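Asks: I am sharing target11.pdb, which consists of PDB, C-alpha atoms:
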```pdb
ATOM      1  CA  MET I 266      23.922 -21.892  12.685
ATOM      2  CA  ARG I 267      25.019 -19.635  15.504
ATOM      3  CA  PRO I 268      22.236 -19.329  18.113
ATOM      4  CA  ASN I 269      22.708 -15.596  18.589
ATOM      5  CA  HIS I 270      22.066 -14.915  14.877
ATOM      6  CA  THR I 271      18.948 -17.084  14.961
ATOM      7  CA  ASP I 272      17.661 -15.449  18.137
ATOM      8  CA  ARG I 273      18.255 -11.946  16.817
ATOM      9  CA  LEU I 274      16.466 -12.640  13.546
ATOM     10  CA  LEU I 275      13.498 -14.288  15.265
ATOM     11  CA  ARG I 276      13.282 -11.423  17.751
ATOM     12  CA  LEU I 277      13.303  -8.956  14.861
ATOM     13  CA  ALA I 278      10.543 -10.920  13.099
ATOM     14  CA  ALA I 279       8.468 -10.869  16.307
ATOM     15  CA  GLU I 280       8.922  -7.093  16.686
ATOM     16  CA  ARG I 281       8.465  -5.987  13.081
ATOM     17  CA  GLN I 282       6.632  -9.010  11.637
ATOM     18  CA  ILE I 283       8.479  -8.435   8.361
ATOM     19  CA  VAL I 284      12.237  -8.876   7.954
ATOM     20  CA  ARG I 285      14.135  -7.825   4.859
ATOM     21  CA  THR I 286      17.487  -9.141   3.687
ATOM     22  CA  ARG I 287      18.994  -5.723   4.308
ATOM     23  CA  ASP I 288      17.694  -5.793   7.924
ATOM     24  CA  ALA I 289      19.768  -8.935   8.500
ATOM     25  CA  ARG I 290      22.805  -7.344   6.866
ATOM     26  CA  ALA I 291      22.385  -4.236   9.053
ATOM     27  CA  LEU I 292      22.690  -6.512  12.091
ATOM     28  CA  GLY I 293      25.855  -8.053  10.640
ATOM     29  CA  ILE I 294      24.071 -11.340   9.911
ATOM     30  CA  PRO I 295      24.675 -13.048   6.541
ATOM     31  CA  SER I 296      21.479 -13.256   4.481
ATOM     32  CA  THR I 297      21.946 -17.032   4.189
ATOM     33  CA  TYR I 298      20.615 -17.314   7.749
ATOM     34  CA  LEU I 299      17.191 -16.212   6.525
ATOM     35  CA  GLY I 300      17.059 -19.110   4.068
ATOM     36  CA  ARG I 301      18.088 -21.536   6.798
ATOM     37  CA  LEU I 302      15.314 -20.278   9.087
ATOM     38  CA  VAL I 303      12.812 -20.719   6.257
ATOM     39  CA  HIS I 304      14.054 -24.291   5.738
ATOM     40  CA  LYS I 305      13.532 -24.976   9.460
ATOM     41  CA  GLY I 306      10.007 -23.497   9.333
ATOM     42  CA  LEU I 307      10.862 -20.641  11.703
ATOM     43  CA  LEU I 308      10.340 -17.965   9.034
ATOM     44  CA  LYS I 309       8.208 -17.776   5.913
ATOM     45  CA  LYS I 310       9.456 -16.287   2.631
ATOM     46  CA  ILE I 311       6.855 -13.933   1.178
ATOM     47  CA  ARG I 312       8.884 -12.893  -1.830
ATOM     48  CA  ARG I 313      12.498 -12.250  -2.755
ATOM     49  CA  GLY I 314      14.218 -10.472   0.126
ATOM     50  CA  LEU I 315      11.078 -10.387   2.292
ATOM     51  CA  TYR I 316      10.418 -12.750   5.203
ATOM     52  CA  THR I 317       7.876 -13.004   8.004
ATOM     53  CA  SER I 318       6.960 -15.195  10.929
ATOM     54  CA  PRO I 319       4.746 -18.158   9.917
ATOM     55  CA  THR I 320       1.883 -16.796  12.038
ATOM     56  CA  PHE I 321       1.837 -13.331  10.473
ATOM     57  CA  SER I 322      -1.708 -12.650   9.262
ATOM     58  CA  GLU I 323      -1.072  -9.415   7.343
ATOM     59  CA  ALA I 324       1.272 -10.909   4.749
ATOM     60  CA  GLU I 325      -1.115  -9.704   2.034
ATOM     61  CA  HIS I 326      -0.079  -6.129   2.834
ATOM     62  CA  ALA I 327       3.634  -6.932   3.046
ATOM     63  CA  THR I 328       4.264  -5.341  -0.360
ATOM     64  CA  LEU I 329       2.835  -2.063   0.986
ATOM     65  CA  VAL I 330       5.415  -2.165   3.775
ATOM     66  CA  GLU I 331       8.183  -2.835   1.262
ATOM     67  CA  ALA I 332       6.958  -0.025  -1.026
ATOM     68  CA  THR I 333       6.884   2.362   1.929
ATOM     69  CA  SER I 334      10.454   1.430   2.813
ATOM     70  CA  GLN I 335      11.460   2.337  -0.773
ATOM     71  CA  LEU I 336       9.343   5.534  -0.811
ATOM     72  CA  PRO I 337       8.909   6.811   2.765
ATOM     73  CA  LYS I 338       6.970   9.888   1.575
ATOM     74  CA  GLY I 339       4.788   7.907  -0.831
ATOM     75  CA  ILE I 340       1.066   7.340  -0.262
ATOM     76  CA  VAL I 341      -0.700   4.131  -1.245
ATOM     77  CA  CYS I 342      -3.298   5.088  -3.855
ATOM     78  CA  LEU I 343      -5.679   3.938  -6.599
ATOM     79  CA  LEU I 344      -5.765   0.146  -7.164
ATOM     80  CA  SER I 345      -3.573  -0.645  -4.152
ATOM     81  CA  ALA I 346      -5.692   1.592  -1.894
ATOM     82  CA  LEU I 347      -8.853  -0.044  -3.282
ATOM     83  CA  ARG I 348      -7.456  -3.430  -2.286
ATOM     84  CA  PHE I 349      -6.371  -2.132   1.117
ATOM     85  CA  HIS I 350      -9.860  -0.763   1.827
ATOM     86  CA  ASP I 351     -11.380  -4.038   0.566
ATOM     87  CA  PHE I 352     -13.272  -2.379  -2.302
ATOM     88  CA  THR I 353     -12.016  -4.997  -4.750
ATOM     89  CA  THR I 354     -10.970  -8.636  -4.683
ATOM     90  CA  GLN I 355      -8.322  -8.101  -7.356
ATOM     91  CA  SER I 356      -4.710  -7.809  -6.217
ATOM     92  CA  PRO I 357      -2.780  -5.370  -8.391
ATOM     93  CA  ARG I 358       0.547  -6.623  -9.753
ATOM     94  CA  GLU I 359       2.175  -3.316  -8.816
ATOM     95  CA  VAL I 360       1.953  -1.164  -5.713
ATOM     96  CA  TRP I 361       0.378   2.150  -6.713
ATOM     97  CA  MET I 362       2.031   5.048  -4.849
ATOM     98  CA  ALA I 363       1.355   8.779  -5.049
ATOM     99  CA  ILE I 364       4.310  11.163  -4.785
ATOM    100  CA  GLY I 365       4.892  14.868  -5.397
ATOM    101  CA  GLN I 366       5.542  16.265  -8.854
ATOM    102  CA  LYS I 367       9.235  16.816  -8.122
ATOM    103  CA  SER I 368       9.778  14.002  -5.634
ATOM    104  CA  TRP I 369      12.616  11.538  -6.097
ATOM    105  CA  ALA I 370      11.612   8.124  -7.424
ATOM    106  CA  PRO I 371      13.637   4.945  -6.863
ATOM    107  CA  LYS I 372      15.251   3.592 -10.026
ATOM    108  CA  ASN I 373      15.990   0.062  -8.809
ATOM    109  CA  SER I 374      13.170  -1.067  -6.571
ATOM    110  CA  SER I 375      12.967  -4.611  -5.217
ATOM    111  CA  ILE I 376       9.234  -4.601  -5.991
ATOM    112  CA  SER I 377       7.149  -3.214  -8.824
ATOM    113  CA  ILE I 378       5.891   0.280  -7.944
ATOM    114  CA  ARG I 379       3.559   2.313 -10.171
ATOM    115  CA  LEU I 380       4.047   6.012  -9.471
ATOM    116  CA  VAL I 381       1.297   8.605  -9.722
ATOM    117  CA  ARG I 382       2.422  12.226  -9.547
ATOM    118  CA  MET I 383       0.171  14.616  -7.609
ATOM    119  CA  SER I 384       0.512  18.102  -6.200
ATOM    120  CA  GLY I 385      -1.061  20.550  -3.751
ATOM    121  CA  GLN I 386      -4.231  19.546  -1.925
ATOM    122  CA  SER I 387      -4.597  16.501  -4.140
ATOM    123  CA  LEU I 388      -1.437  15.078  -2.543
ATOM    124  CA  ARG I 389      -2.151  16.222   1.024
ATOM    125  CA  PHE I 390      -5.881  15.538   1.376
ATOM    126  CA  GLY I 391      -7.283  12.374   2.963
ATOM    127  CA  ILE I 392      -4.091  10.673   4.127
ATOM    128  CA  GLU I 393      -4.562   7.974   6.735
ATOM    129  CA  GLU I 394      -1.762   6.382   8.755
ATOM    130  CA  CYS I 395      -1.951   2.626   9.234
ATOM    131  CA  LYS I 396       0.548   0.525  11.132
ATOM    132  CA  ILE I 397       1.380  -2.694   9.314
ATOM    133  CA  ALA I 398       4.021  -4.972  10.764
ATOM    134  CA  GLY I 399       5.452  -2.163  12.863
ATOM    135  CA  THR I 400       5.785   0.148   9.860
ATOM    136  CA  MET I 401       3.708   3.306   9.410
ATOM    137  CA  VAL I 402       2.102   3.147   5.969
ATOM    138  CA  HIS I 403       0.313   6.149   4.475
ATOM    139  CA  VAL I 404      -2.855   5.314   2.530
ATOM    140  CA  PHE I 405      -5.445   7.608   1.003
ATOM    141  CA  SER I 406      -8.809   7.464   2.774
ATOM    142  CA  PRO I 407     -11.724   5.569   1.172
ATOM    143  CA  SER I 408     -13.371   8.777  -0.094
ATOM    144  CA  LYS I 409     -10.111  10.178  -1.539
ATOM    145  CA  THR I 410      -9.395   6.806  -3.160
ATOM    146  CA  VAL I 411     -12.793   6.812  -4.887
ATOM    147  CA  ALA I 412     -12.326  10.400  -6.098
ATOM    148  CA  ASP I 413      -8.824   9.542  -7.361
ATOM    149  CA  CYS I 414     -10.269   6.626  -9.317
ATOM    150  CA  PHE I 415     -12.508   9.051 -11.194
ATOM    151  CA  LYS I 416      -9.670  11.543 -11.648
ATOM    152  CA  PHE I 417      -7.376   8.863 -13.080
ATOM    153  CA  ARG I 418     -10.128   6.934 -14.900
ATOM    154  CA  ASN I 419      -8.067   7.005 -18.099
ATOM    155  CA  LYS I 420      -5.337   5.012 -16.305
ATOM    156  CA  ILE I 421      -7.493   2.482 -14.471
ATOM    157  CA  GLY I 422     -10.828   2.509 -16.321
ATOM    158  CA  LEU I 423     -14.168   4.179 -15.622
ATOM    159  CA  ASP I 424     -15.719   0.809 -14.717
ATOM    160  CA  VAL I 425     -13.214   0.448 -11.840
ATOM    161  CA  ALA I 426     -14.086   3.945 -10.576
ATOM    162  CA  ILE I 427     -17.833   3.247 -10.686
ATOM    163  CA  GLU I 428     -17.388  -0.077  -8.889
ATOM    164  CA  ALA I 429     -15.229   1.627  -6.233
ATOM    165  CA  LEU I 430     -17.982   4.196  -5.642
ATOM    166  CA  ARG I 431     -20.666   1.516  -5.324
ATOM    167  CA  GLU I 432     -18.564  -0.659  -3.001
ATOM    168  CA  SER I 433     -17.620   2.264  -0.761
ATOM    169  CA  ARG I 434     -21.312   3.108  -0.269
ATOM    170  CA  ARG I 435     -22.446  -0.527   0.019
ATOM    171  CA  ARG I 436     -19.882  -1.168   2.752
ATOM    172  CA  LYS I 437     -20.804   2.147   4.430
ATOM    173  CA  LYS I 438     -17.176   3.263   4.550
ATOM    174  CA  VAL I 439     -17.869   6.765   3.214
ATOM    175  CA  SER I 440     -20.578   9.383   3.565
ATOM    176  CA  MET I 441     -21.866  11.504   0.705
ATOM    177  CA  ASP I 442     -20.309  14.580   2.357
ATOM    178  CA  GLU I 443     -16.891  12.894   2.451
ATOM    179  CA  LEU I 444     -17.219  11.913  -1.209
ATOM    180  CA  TRP I 445     -18.185  15.466  -2.223
ATOM    181  CA  ALA I 446     -15.242  16.927  -0.285
ATOM    182  CA  ALA I 447     -12.815  14.522  -1.996
ATOM    183  CA  ALA I 448     -14.426  15.132  -5.400
ATOM    184  CA  LYS I 449     -13.899  18.897  -4.978
ATOM    185  CA  VAL I 450     -10.238  18.461  -4.052
ATOM    186  CA  CYS I 451      -9.706  16.173  -7.074
ATOM    187  CA  ARG I 452     -11.818  18.458  -9.309
ATOM    188  CA  VAL I 453     -14.115  15.665 -10.461
ATOM    189  CA  THR I 454     -17.477  16.835  -9.056
ATOM    190  CA  ASN I 455     -19.038  17.076 -12.527
ATOM    191  CA  VAL I 456     -17.763  13.620 -13.471
ATOM    192  CA  MET I 457     -18.906  11.973 -10.219
ATOM    193  CA  ARG I 458     -22.249  13.782  -9.785
ATOM    194  CA  PRO I 459     -24.390  11.576 -12.093
ATOM    195  CA  TYR I 460     -23.015   8.380 -10.560
ATOM    196  CA  MET I 461     -23.488   9.644  -7.015
ATOM    197  CA  GLU I 462     -27.030  10.782  -7.752
ATOM    198  CA  SER I 463     -27.888   7.334  -9.099
ATOM    199  CA  LEU I 464     -26.919   5.601  -5.824
TER     200      LEU I 464
END
```
Output the file's structure as structure tokens, nothing else.
Replies:
Amino acid sequence: MRPNHTDRLLRLAAERQIVRTRDARALGIPSTYLGRLVHKGLLKKIRRGLYTSPTFSEAEHATLVEATSQLPKGIVCLLSALRFHDFTTQSPREVWMAIGQKSWAPKNSSISIRLVRMSGQSLRFGIEECKIAGTMVHVFSPSKTVADCFKFRNKIGLDVAIEALRESRRRKKVSMDELWAAAKVCRVTNVMRPYMESL
């Protein structure tokens, strides 16, 4: 193994935390070097085409980074946002991403992405920027995530939405005012009101 290839890949892993096969190719390094570094214990394979340093602690959110690289304008939402905000212990099999009604969607993604089409204020409200492994990931805020769960209750289940509401209040991550604002934007005030009043 040529030392300069190894050094460049390890430097990239230290800077970004997550290295993709295409990152190696962009540097003119054959992807086989990634496998060799894994074999030597210098890198850890998270999933196909996705590698990280063995000490990386945010590997759980690596799929969010990969989804963002596939959909730069996408916003992590619903079940994936619930997991990100620690409102659930379940890890969704797909990364849930919100995009505009007419936005382009990748046809051949390296990971499983579940798209949710939104428009207007519903797409623009409550976006938070979080840096994960050197990549800026857009995630809906806790209050917007809860309101979205009620809006899309037919997709994810009313029980999930109710649990998200309870967890968000129990963990003190949202105020009632923030929830009401998000509920208005998502047009679910009448649906959420009885559950919020029972808290």
Asks: Restricting the calculation to only C-alpha atoms, which member of I:Thr297, I:Ser318, I:Thr410, I:Ser440 is positioned closest to Ala398 in chain I?
Replies: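 Nearest candidate to Ala398 in chain I out of I:Thr297, I:Ser318, I:Thr410, I:Ser440: I:Ser318.
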Asks: On this structure, the PyMOL selection byres ((chain I and resi 343) around 10) would catch which residues? List them as a PyMOL selection string, sorted by chain and number.
Replies: chain I and resi 340-342+344-349+357+360-363+381+404-405+407+409-418+420-421+425-426+429
Asks: Determine the residue set returned by the PyMOL selection byres ((chain I and resi 280) around 12) for the present structure, and present it as JSON, numbers by chain.
Replies: {"I": [273, 274, 275, 276, 277, 278, 279, 281, 282, 283, 284, 317, 318, 321, 397, 398, 399, 400]}
Asks: Report the centre and edge lengths, in Å to one decimal, of an axis-aligned box enclosing every atom of range 409-427 of chain I listed in the file, padded by 8 Å on each side, as lines of an AutoDock Vina configuration file.
Replies:
```
center_x = -11.6
center_y = 6.0
center_z = -9.8
size_x = 28.5
size_y = 27.1
size_z = 32.6
```
Asks: Which residue, I:Gln386, I:Phe352, I:Gly365, I:Glu394, has the smallest gap to Val439 in chain I when you use only C-alpha atoms?
Replies: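 Closest candidate: I:Phe352.
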Asks: Which residues are near Phe390 in chain I? Cut-off 10 Å, all atoms listed in the file, ignore same chain within fewer than 5 positions. Put them as a list in words.
Replies: Gly385, Phe405, Ser406, Lys409, Ala446, Ala447, Val450 and Cys451 of chain I
Asks: Here is a test: counting only C-alpha atoms, which residue of I:Ser433, I:Ser334, I:Thr454, I:Ser384 is nearest to Lys367 in chain I?
Replies: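 Of I:Ser433, I:Ser334, I:Thr454, I:Ser384, the one nearest Lys367 in chain I, counting only C-alpha atoms, is I:Ser384.
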Asks: Mind telling me what the PyMOL selection byres ((chain I and resi 295) around 12) catches here, as an mmCIF file with C-alpha atoms, keeping the file's coordinate frame?
Replies:
```
data_model
loop_
_atom_site.group_PDB
_atom_site.id
_atom_site.type_symbol
_atom_site.label_atom_id
_atom_site.label_comp_id
_atom_site.auth_asym_id
_atom_site.auth_seq_id
_atom_site.Cartn_x
_atom_site.Cartn_y
_atom_site.Cartn_z
ATOM 1 C CA MET I 266 23.922 -21.892 12.685
ATOM 2 C CA ARG I 267 25.019 -19.635 15.504
ATOM 3 C CA HIS I 270 22.066 -14.915 14.877
ATOM 4 C CA THR I 271 18.948 -17.084 14.961
ATOM 5 C CA LEU I 274 16.466 -12.640 13.546
ATOM 6 C CA ARG I 285 14.135 -7.825 4.859
ATOM 7 C CA THR I 286 17.487 -9.141 3.687
ATOM 8 C CA ARG I 287 18.994 -5.723 4.308
ATOM 9 C CA ASP I 288 17.694 -5.793 7.924
ATOM 10 C CA ALA I 289 19.768 -8.935 8.500
ATOM 11 C CA ARG I 290 22.805 -7.344 6.866
ATOM 12 C CA ALA I 291 22.385 -4.236 9.053
ATOM 13 C CA LEU I 292 22.690 -6.512 12.091
ATOM 14 C CA GLY I 293 25.855 -8.053 10.640
ATOM 15 C CA ILE I 294 24.071 -11.340 9.911
ATOM 16 C CA SER I 296 21.479 -13.256 4.481
ATOM 17 C CA THR I 297 21.946 -17.032 4.189
ATOM 18 C CA TYR I 298 20.615 -17.314 7.749
ATOM 19 C CA LEU I 299 17.191 -16.212 6.525
ATOM 20 C CA GLY I 300 17.059 -19.110 4.068
ATOM 21 C CA ARG I 301 18.088 -21.536 6.798
#
```
Asks: Choose the residue, out of I:Thr328, I:Thr333, I:Thr320, I:Ser408, that has the smallest atom-to-atom separation from Arg358 in chain I; count only C-alpha atoms.
Replies: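 Counting only C-alpha atoms, the residue closest to Arg358 in chain I is I:Thr328.
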Asks: Please indicate the distance in Å from CA of Ser356 in chain I to CA of Met401 in chain I, rounded to one decimal place.
Replies: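 It comes out at 20.9 Å.
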Asks: Would you compute the distance between CA of Gln355 in chain I and CA of Gly314 in chain I? Give it in Å to one decimal.
Replies: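 Computing the Euclidean distance for CA of Gln355 in chain I and CA of Gly314 in chain I yields 23.9 Å.
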Asks: Tell me, in Å to one decimal, how far CA of Leu430 in chain I is from CA of Ser387 in chain I.
Replies: 18.2 Å
Asks: Considering all atoms listed in the file, state which residue in the set I:Gln366, I:Val303, I:Leu423, I:Ala448 is at the smallest distance from Gly391 in chain I.
Replies: I:Ala448
Asks: Where atoms are absent from range 293-304 of chain I, fill them in so it carries all heavy atoms, then output it as a PDB file, keeping the file's coordinate frame.
Replies:
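Generated output (result.pdb):
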```pdb
ATOM      1  N   GLY I 293      24.618  -7.316  10.830  1.00  0.00           N
ATOM      2  CA  GLY I 293      25.855  -8.053  10.640  1.00  0.00           C
ATOM      3  C   GLY I 293      25.638  -9.549  10.492  1.00  0.00           C
ATOM      4  O   GLY I 293      26.530 -10.353  10.743  1.00  0.00           O
ATOM      5  N   ILE I 294      24.422  -9.927  10.069  1.00  0.00           N
ATOM      6  CA  ILE I 294      24.071 -11.340   9.911  1.00  0.00           C
ATOM      7  C   ILE I 294      24.013 -11.659   8.421  1.00  0.00           C
ATOM      8  O   ILE I 294      23.291 -10.983   7.665  1.00  0.00           O
ATOM      9  CB  ILE I 294      22.703 -11.646  10.562  1.00  0.00           C
ATOM     10  CG1 ILE I 294      22.735 -11.290  12.060  1.00  0.00           C
ATOM     11  CG2 ILE I 294      22.333 -13.119  10.377  1.00  0.00           C
ATOM     12  CD1 ILE I 294      21.382 -11.356  12.744  1.00  0.00           C
ATOM     13  N   PRO I 295      24.728 -12.670   7.964  1.00  0.00           N
ATOM     14  CA  PRO I 295      24.675 -13.048   6.541  1.00  0.00           C
ATOM     15  C   PRO I 295      23.238 -13.412   6.140  1.00  0.00           C
ATOM     16  O   PRO I 295      22.508 -14.043   6.908  1.00  0.00           O
ATOM     17  CB  PRO I 295      25.597 -14.260   6.448  1.00  0.00           C
ATOM     18  CG  PRO I 295      26.475 -14.187   7.651  1.00  0.00           C
ATOM     19  CD  PRO I 295      25.665 -13.518   8.718  1.00  0.00           C
ATOM     20  N   SER I 296      22.854 -13.008   4.941  1.00  0.00           N
ATOM     21  CA  SER I 296      21.479 -13.256   4.481  1.00  0.00           C
ATOM     22  C   SER I 296      21.169 -14.744   4.343  1.00  0.00           C
ATOM     23  O   SER I 296      20.001 -15.136   4.310  1.00  0.00           O
ATOM     24  CB  SER I 296      21.230 -12.542   3.150  1.00  0.00           C
ATOM     25  OG  SER I 296      22.171 -12.948   2.186  1.00  0.00           O
ATOM     26  N   THR I 297      22.187 -15.585   4.295  1.00  0.00           N
ATOM     27  CA  THR I 297      21.946 -17.032   4.189  1.00  0.00           C
ATOM     28  C   THR I 297      21.205 -17.573   5.409  1.00  0.00           C
ATOM     29  O   THR I 297      20.533 -18.598   5.324  1.00  0.00           O
ATOM     30  CB  THR I 297      23.279 -17.788   4.031  1.00  0.00           C
ATOM     31  OG1 THR I 297      24.150 -17.420   5.102  1.00  0.00           O
ATOM     32  CG2 THR I 297      23.928 -17.484   2.702  1.00  0.00           C
ATOM     33  N   TYR I 298      21.320 -16.872   6.543  1.00  0.00           N
ATOM     34  CA  TYR I 298      20.615 -17.314   7.749  1.00  0.00           C
ATOM     35  C   TYR I 298      19.106 -17.262   7.561  1.00  0.00           C
ATOM     36  O   TYR I 298      18.373 -18.076   8.118  1.00  0.00           O
ATOM     37  CB  TYR I 298      21.027 -16.464   8.954  1.00  0.00           C
ATOM     38  CG  TYR I 298      22.298 -16.940   9.618  1.00  0.00           C
ATOM     39  CD1 TYR I 298      23.528 -16.629   9.059  1.00  0.00           C
ATOM     40  CD2 TYR I 298      22.273 -17.710  10.766  1.00  0.00           C
ATOM     41  CE1 TYR I 298      24.710 -17.057   9.632  1.00  0.00           C
ATOM     42  CE2 TYR I 298      23.447 -18.155  11.357  1.00  0.00           C
ATOM     43  CZ  TYR I 298      24.657 -17.833  10.780  1.00  0.00           C
ATOM     44  OH  TYR I 298      25.817 -18.274  11.362  1.00  0.00           O
ATOM     45  N   LEU I 299      18.632 -16.316   6.777  1.00  0.00           N
ATOM     46  CA  LEU I 299      17.191 -16.212   6.525  1.00  0.00           C
ATOM     47  C   LEU I 299      16.687 -17.461   5.804  1.00  0.00           C
ATOM     48  O   LEU I 299      15.651 -18.025   6.164  1.00  0.00           O
ATOM     49  CB  LEU I 299      16.879 -14.945   5.703  1.00  0.00           C
ATOM     50  CG  LEU I 299      17.086 -13.623   6.446  1.00  0.00           C
ATOM     51  CD1 LEU I 299      17.146 -12.470   5.465  1.00  0.00           C
ATOM     52  CD2 LEU I 299      15.987 -13.412   7.470  1.00  0.00           C
ATOM     53  N   GLY I 300      17.429 -17.894   4.799  1.00  0.00           N
ATOM     54  CA  GLY I 300      17.059 -19.110   4.068  1.00  0.00           C
ATOM     55  C   GLY I 300      17.057 -20.336   4.964  1.00  0.00           C
ATOM     56  O   GLY I 300      16.187 -21.205   4.851  1.00  0.00           O
ATOM     57  N   ARG I 301      18.019 -20.395   5.877  1.00  0.00           N
ATOM     58  CA  ARG I 301      18.088 -21.536   6.798  1.00  0.00           C
ATOM     59  C   ARG I 301      16.893 -21.547   7.749  1.00  0.00           C
ATOM     60  O   ARG I 301      16.358 -22.617   8.069  1.00  0.00           O
ATOM     61  CB  ARG I 301      19.390 -21.488   7.601  1.00  0.00           C
ATOM     62  CG  ARG I 301      20.628 -21.713   6.741  1.00  0.00           C
ATOM     63  CD  ARG I 301      21.876 -21.562   7.568  1.00  0.00           C
ATOM     64  NE  ARG I 301      23.065 -21.475   6.710  1.00  0.00           N
ATOM     65  CZ  ARG I 301      24.277 -21.204   7.149  1.00  0.00           C
ATOM     66  NH1 ARG I 301      24.480 -20.995   8.431  1.00  0.00           N
ATOM     67  NH2 ARG I 301      25.298 -21.137   6.316  1.00  0.00           N
ATOM     68  N   LEU I 302      16.478 -20.358   8.190  1.00  0.00           N
ATOM     69  CA  LEU I 302      15.314 -20.278   9.087  1.00  0.00           C
ATOM     70  C   LEU I 302      14.024 -20.638   8.350  1.00  0.00           C
ATOM     71  O   LEU I 302      13.113 -21.216   8.946  1.00  0.00           O
ATOM     72  CB  LEU I 302      15.215 -18.881   9.701  1.00  0.00           C
ATOM     73  CG  LEU I 302      16.314 -18.528  10.718  1.00  0.00           C
ATOM     74  CD1 LEU I 302      16.191 -17.088  11.165  1.00  0.00           C
ATOM     75  CD2 LEU I 302      16.277 -19.466  11.916  1.00  0.00           C
ATOM     76  N   VAL I 303      13.965 -20.317   7.074  1.00  0.00           N
ATOM     77  CA  VAL I 303      12.812 -20.719   6.257  1.00  0.00           C
ATOM     78  C   VAL I 303      12.783 -22.239   6.143  1.00  0.00           C
ATOM     79  O   VAL I 303      11.737 -22.881   6.309  1.00  0.00           O
ATOM     80  CB  VAL I 303      12.865 -20.068   4.848  1.00  0.00           C
ATOM     81  CG1 VAL I 303      11.825 -20.685   3.916  1.00  0.00           C
ATOM     82  CG2 VAL I 303      12.649 -18.565   4.955  1.00  0.00           C
ATOM     83  N   HIS I 304      13.946 -22.833   5.871  1.00  0.00           N
ATOM     84  CA  HIS I 304      14.054 -24.291   5.738  1.00  0.00           C
ATOM     85  C   HIS I 304      13.620 -25.003   7.024  1.00  0.00           C
ATOM     86  O   HIS I 304      13.019 -26.071   6.991  1.00  0.00           O
ATOM     87  CB  HIS I 304      15.489 -24.678   5.370  1.00  0.00           C
ATOM     88  CG  HIS I 304      15.682 -26.139   5.135  1.00  0.00           C
ATOM     89  ND1 HIS I 304      15.170 -26.772   4.023  1.00  0.00           N
ATOM     90  CD2 HIS I 304      16.305 -27.090   5.878  1.00  0.00           C
ATOM     91  CE1 HIS I 304      15.468 -28.069   4.098  1.00  0.00           C
ATOM     92  NE2 HIS I 304      16.169 -28.283   5.215  1.00  0.00           N
TER      93      HIS I 304
END
```
